[in-house]
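Q: Please see the structure below; I have some questions.
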Amino acid sequence: MREPAWRIFAAEYNDSQHVLKATEEKTPSYVLTPLGAKVNRMFIVGVLTDIEDIGTEGIRRRARISDPTGIHVVYAETFNPEAAGVLSDMEIPSYAAIVGKARIYEPEEGMLYLSTRAEVARKSTIDTRNQWIIEACRGTLLRINAMKDAMNMSNPTPRQLRVLGYPPFIVEGVTEALKMYSDIDIE
């Protein structure tokens, strides 16, 4: 089964410092954000501000897509030439929509460079971008509220958060984030 694609702002994703590594073959690793999103796939809509060819072998492009909080860095590579081609053909600036997987580069323990590996790239519209912002805000607010409730518990568990009405895909990440992040800003 495919992982759901998170609607997540660049600032939250880029502030992430922890990865939940796969423990079994064929299971994904997750970027764990400070608010508890366990991100393997994401859906990004924003303004394409830059696209550049990188590397000398095959098709490799790096794009920058701006949302209201920051920049998503997106790579489109040889194994997905359609996404690379779509990005290359787009004008700068223009609205772009990307479905992609979390891309994690960890040159040494505790140093993460995060980006997104494009699976699908499409030209988008301002209306789609505005709807994406609303959906990303709703998801962020849900995680903030779950984090506030968890911070008010002496030893929060996913079960306790479920009793409060939070969905399963939120509660595990929130309780993990509380263990891994020492200073979570929910203001």
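Naming works like this for the structure tokens: A, B, ... for the chains as they're shown, residue 1 at the start of each chain, ligands 1 onward in shown order.
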So that I can see what lies close to Glu91 (chain A), please list as a list of chain:residue names the residues with an atom at most 10 Å from it, counting only C-alpha atoms and leaving out residues fewer than 4 positions away in the same chain.

A: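 Final neighbour list, sorted by chain and number: A:Leu48, A:Thr49, A:Asp50, A:Ile51, A:Leu87, A:Tyr95, A:Ala96, A:Lys123.
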
Q: Leaving out Gly55 (chain A) and any residue of its chain fewer than 5 positions from it, which residues lie within 12 Å of it when counting only C-alpha atoms, given as a PDB file with C-alpha atoms, in the first residue's frame?

A:
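The new file around02.pdb reads:
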```
ATOM      1  CA  ARG A  60      19.078  15.358 -12.977  1.00  0.00           C
ATOM      2  CA  ARG A  61      17.314  18.552 -12.085  1.00  0.00           C
ATOM      3  CA  ARG A  62      17.034  20.499  -8.857  1.00  0.00           C
ATOM      4  CA  TYR A  75      15.066  16.663  -7.269  1.00  0.00           C
ATOM      5  CA  ALA A  76      13.889  15.018 -10.487  1.00  0.00           C
ATOM      6  CA  GLU A  77      16.252  12.323 -11.695  1.00  0.00           C
ATOM      7  CA  THR A  78      16.926   9.753 -14.410  1.00  0.00           C
TER       8      THR A  78
END
```

Q: Tell me, which residues of region 64-162 of chain A carry DSSP strand (DSSP E), written as an MDAnalysis selection string?

A: chainID A and resid 64:67 70:77 94:108 111:123

Q: Take the residues just selected and output them with N, CA and C atoms as a compact mmCIF listing (two decimals), in the first residue's frame.

A:
```
# COMPACT_ATOMS: atom_id res chain seq x y z
N ARG A 64 13.46 24.60 -6.95
CA ARG A 64 13.08 25.22 -5.69
C ARG A 64 11.63 25.68 -5.83
N ILE A 65 10.82 25.23 -4.87
CA ILE A 65 9.39 25.57 -4.89
C ILE A 65 9.08 26.28 -3.59
N SER A 66 8.56 27.48 -3.72
CA SER A 66 8.31 28.33 -2.56
C SER A 66 6.87 28.17 -2.07
N ASP A 67 6.73 28.04 -0.75
CA ASP A 67 5.40 28.12 -0.12
C ASP A 67 5.46 29.29 0.86
N GLY A 70 8.66 28.98 3.33
CA GLY A 70 10.03 28.71 2.93
C GLY A 70 10.11 28.01 1.59
N ILE A 71 11.23 27.32 1.38
CA ILE A 71 11.53 26.69 0.10
C ILE A 71 11.63 25.17 0.24
N HIS A 72 10.92 24.47 -0.64
CA HIS A 72 11.09 23.02 -0.79
C HIS A 72 12.13 22.81 -1.89
N VAL A 73 13.14 22.01 -1.62
CA VAL A 73 14.11 21.63 -2.64
C VAL A 73 13.65 20.29 -3.20
N VAL A 74 13.50 20.23 -4.53
CA VAL A 74 12.96 19.05 -5.20
C VAL A 74 13.96 18.57 -6.25
N TYR A 75 14.21 17.27 -6.26
CA TYR A 75 15.07 16.66 -7.27
C TYR A 75 14.22 15.80 -8.19
N ALA A 76 14.49 15.91 -9.49
CA ALA A 76 13.89 15.02 -10.49
C ALA A 76 15.06 14.36 -11.21
N GLU A 77 15.06 13.03 -11.25
CA GLU A 77 16.25 12.32 -11.69
C GLU A 77 15.95 11.33 -12.80
N SER A 94 6.27 30.11 -11.92
CA SER A 94 4.96 29.56 -12.23
C SER A 94 4.57 28.61 -11.11
N TYR A 95 3.28 28.27 -11.06
CA TYR A 95 2.79 27.37 -10.01
C TYR A 95 3.09 25.93 -10.41
N ALA A 96 3.59 25.18 -9.44
CA ALA A 96 3.95 23.78 -9.68
C ALA A 96 3.37 22.90 -8.58
N ALA A 97 2.99 21.69 -8.95
CA ALA A 97 2.52 20.69 -7.99
C ALA A 97 3.43 19.47 -8.11
N ILE A 98 3.87 18.97 -6.96
CA ILE A 98 4.80 17.84 -6.92
C ILE A 98 4.26 16.80 -5.95
N VAL A 99 4.27 15.55 -6.37
CA VAL A 99 4.12 14.43 -5.44
C VAL A 99 5.48 13.77 -5.42
N GLY A 100 6.01 13.57 -4.21
CA GLY A 100 7.34 13.00 -4.14
C GLY A 100 7.62 12.32 -2.82
N LYS A 101 8.77 11.71 -2.76
CA LYS A 101 9.21 11.00 -1.55
C LYS A 101 10.26 11.82 -0.82
N ALA A 102 10.25 11.67 0.49
CA ALA A 102 11.27 12.33 1.30
C ALA A 102 12.63 11.82 0.87
N ARG A 103 13.54 12.74 0.67
CA ARG A 103 14.91 12.41 0.28
C ARG A 103 15.81 12.85 1.42
N ILE A 104 16.56 11.91 1.96
CA ILE A 104 17.36 12.15 3.16
C ILE A 104 18.82 11.92 2.83
N TYR A 105 19.63 12.94 3.09
CA TYR A 105 21.07 12.78 2.97
C TYR A 105 21.66 13.08 4.33
N GLU A 106 22.33 12.09 4.91
CA GLU A 106 22.89 12.22 6.26
C GLU A 106 24.38 11.90 6.19
N PRO A 107 25.22 12.93 5.88
CA PRO A 107 26.65 12.68 5.74
C PRO A 107 27.32 12.24 7.04
N GLU A 108 26.76 12.65 8.16
CA GLU A 108 27.25 12.21 9.46
C GLU A 108 26.10 12.26 10.45
N MET A 111 23.41 15.24 11.20
CA MET A 111 23.42 16.27 10.17
C MET A 111 22.55 15.80 9.01
N LEU A 112 21.38 16.40 8.87
CA LEU A 112 20.44 16.00 7.82
C LEU A 112 20.31 17.09 6.76
N TYR A 113 20.29 16.65 5.51
CA TYR A 113 19.92 17.52 4.40
C TYR A 113 18.67 16.90 3.80
N LEU A 114 17.57 17.64 3.84
CA LEU A 114 16.29 17.11 3.39
C LEU A 114 15.87 17.75 2.08
N SER A 115 15.26 16.95 1.24
CA SER A 115 14.68 17.43 0.00
C SER A 115 13.57 16.46 -0.37
N THR A 116 13.04 16.62 -1.57
CA THR A 116 11.97 15.76 -2.06
C THR A 116 12.38 15.20 -3.41
N ARG A 117 12.19 13.91 -3.62
CA ARG A 117 12.45 13.27 -4.91
C ARG A 117 11.12 13.19 -5.65
N ALA A 118 11.00 13.93 -6.75
CA ALA A 118 9.73 14.01 -7.49
C ALA A 118 9.35 12.68 -8.10
N GLU A 119 8.11 12.27 -7.84
CA GLU A 119 7.51 11.12 -8.53
C GLU A 119 6.63 11.62 -9.67
N VAL A 120 5.91 12.72 -9.40
CA VAL A 120 5.02 13.34 -10.38
C VAL A 120 5.20 14.84 -10.27
N ALA A 121 5.27 15.52 -11.41
CA ALA A 121 5.34 16.98 -11.43
C ALA A 121 4.32 17.48 -12.45
N ARG A 122 3.60 18.52 -12.08
CA ARG A 122 2.59 19.10 -12.95
C ARG A 122 2.59 20.61 -12.81
N LYS A 123 2.22 21.27 -13.89
CA LYS A 123 1.96 22.70 -13.81
C LYS A 123 0.68 22.87 -13.00
```

Q: Between CA of Ile44 (chain A) and CA of Lys26 (chain A), what is the distance, to one decimal in Å?

A: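 Rounded to one decimal, the two atoms are 24.7 Å apart.
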
Q: If we count only C-alpha atoms, what is near Gly139 (chain A) at a cut-off of 9 Å, once residues fewer than 3 positions away on the same chain are taken out, given as a PDB file with C-alpha atoms, in the first residue's frame?

A:
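Output saved as selection-v9.pdb:
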```
ATOM      1  CA  TRP A   6       1.452  14.822   3.468  1.00  0.00           C
ATOM      2  CA  ARG A   7       0.588  18.444   2.772  1.00  0.00           C
ATOM      3  CA  ILE A   8       3.395  20.006   4.775  1.00  0.00           C
ATOM      4  CA  ILE A 134      -5.579  25.687   3.452  1.00  0.00           C
ATOM      5  CA  GLU A 135      -5.048  21.900   3.669  1.00  0.00           C
ATOM      6  CA  ALA A 136      -1.466  22.333   4.931  1.00  0.00           C
ATOM      7  CA  LEU A 142      -4.093  19.414  14.030  1.00  0.00           C
ATOM      8  CA  ARG A 143      -0.472  18.522  14.863  1.00  0.00           C
ATOM      9  CA  ILE A 144      -0.058  21.667  17.003  1.00  0.00           C
TER      10      ILE A 144
END
```

Q: From the DSSP assignment of the backbone, select every residue of region 33-173 of chain A that is alpha helix (DSSP H), and format the answer as a CSV table (one decimal) with C-alpha atoms, in the first residue's frame.

A:
```csv
chain,number,residue,atom,x,y,z
A,81,PRO,CA,12.4,11.5,-16.7
A,82,GLU,CA,8.7,12.6,-17.1
A,83,ALA,CA,8.8,14.7,-13.9
A,84,ALA,CA,12.2,16.1,-14.9
A,85,GLY,CA,10.9,17.1,-18.3
A,86,VAL,CA,7.8,18.7,-16.9
A,87,LEU,CA,9.9,20.9,-14.5
A,88,SER,CA,12.3,21.8,-17.3
A,89,ASP,CA,9.5,23.0,-19.5
A,126,ILE,CA,-3.2,29.7,-8.0
A,127,ASP,CA,-6.5,28.2,-7.0
A,128,THR,CA,-4.8,24.8,-6.4
A,129,ARG,CA,-2.0,26.5,-4.5
A,130,ASN,CA,-4.5,28.3,-2.3
A,131,GLN,CA,-6.4,25.1,-1.6
A,132,TRP,CA,-3.1,23.4,-0.8
A,133,ILE,CA,-2.2,26.2,1.7
A,134,ILE,CA,-5.6,25.7,3.5
A,135,GLU,CA,-5.0,21.9,3.7
A,136,ALA,CA,-1.5,22.3,4.9
A,137,CYS,CA,-2.7,24.8,7.6
A,138,ARG,CA,-5.4,22.4,8.7
A,139,GLY,CA,-2.8,19.6,9.1
A,140,THR,CA,-0.4,21.8,10.9
A,141,LEU,CA,-3.1,23.0,13.3
A,142,LEU,CA,-4.1,19.4,14.0
A,143,ARG,CA,-0.5,18.5,14.9
A,144,ILE,CA,-0.1,21.7,17.0
A,145,ASN,CA,-3.2,20.8,19.0
A,146,ALA,CA,-2.1,17.2,19.5
A,147,MET,CA,1.3,18.4,20.5
A,148,LYS,CA,-0.2,20.8,23.1
A,149,ASP,CA,-2.4,18.1,24.5
A,150,ALA,CA,0.6,15.7,24.7
A,151,MET,CA,2.8,18.2,26.4
A,158,PRO,CA,-0.7,7.2,21.4
A,159,ARG,CA,-3.7,5.6,23.1
A,160,GLN,CA,-4.2,8.7,25.3
A,161,LEU,CA,-4.2,10.9,22.3
A,162,ARG,CA,-6.6,8.6,20.4
A,163,VAL,CA,-9.0,8.9,23.4
A,168,PRO,CA,-3.8,7.2,14.3
A,169,PHE,CA,-1.5,8.8,11.7
A,170,ILE,CA,-1.0,11.8,14.1
A,171,VAL,CA,-0.6,10.2,17.5
A,172,GLU,CA,2.4,8.0,16.9
A,173,GLY,CA,4.4,10.8,15.3
```

Q: Pick from A:Gly110, A:Asn40, A:Val45, A:Ala177: nearest to Gln17 (chain A), with only C-alpha atoms counted?

A: A:Gly110
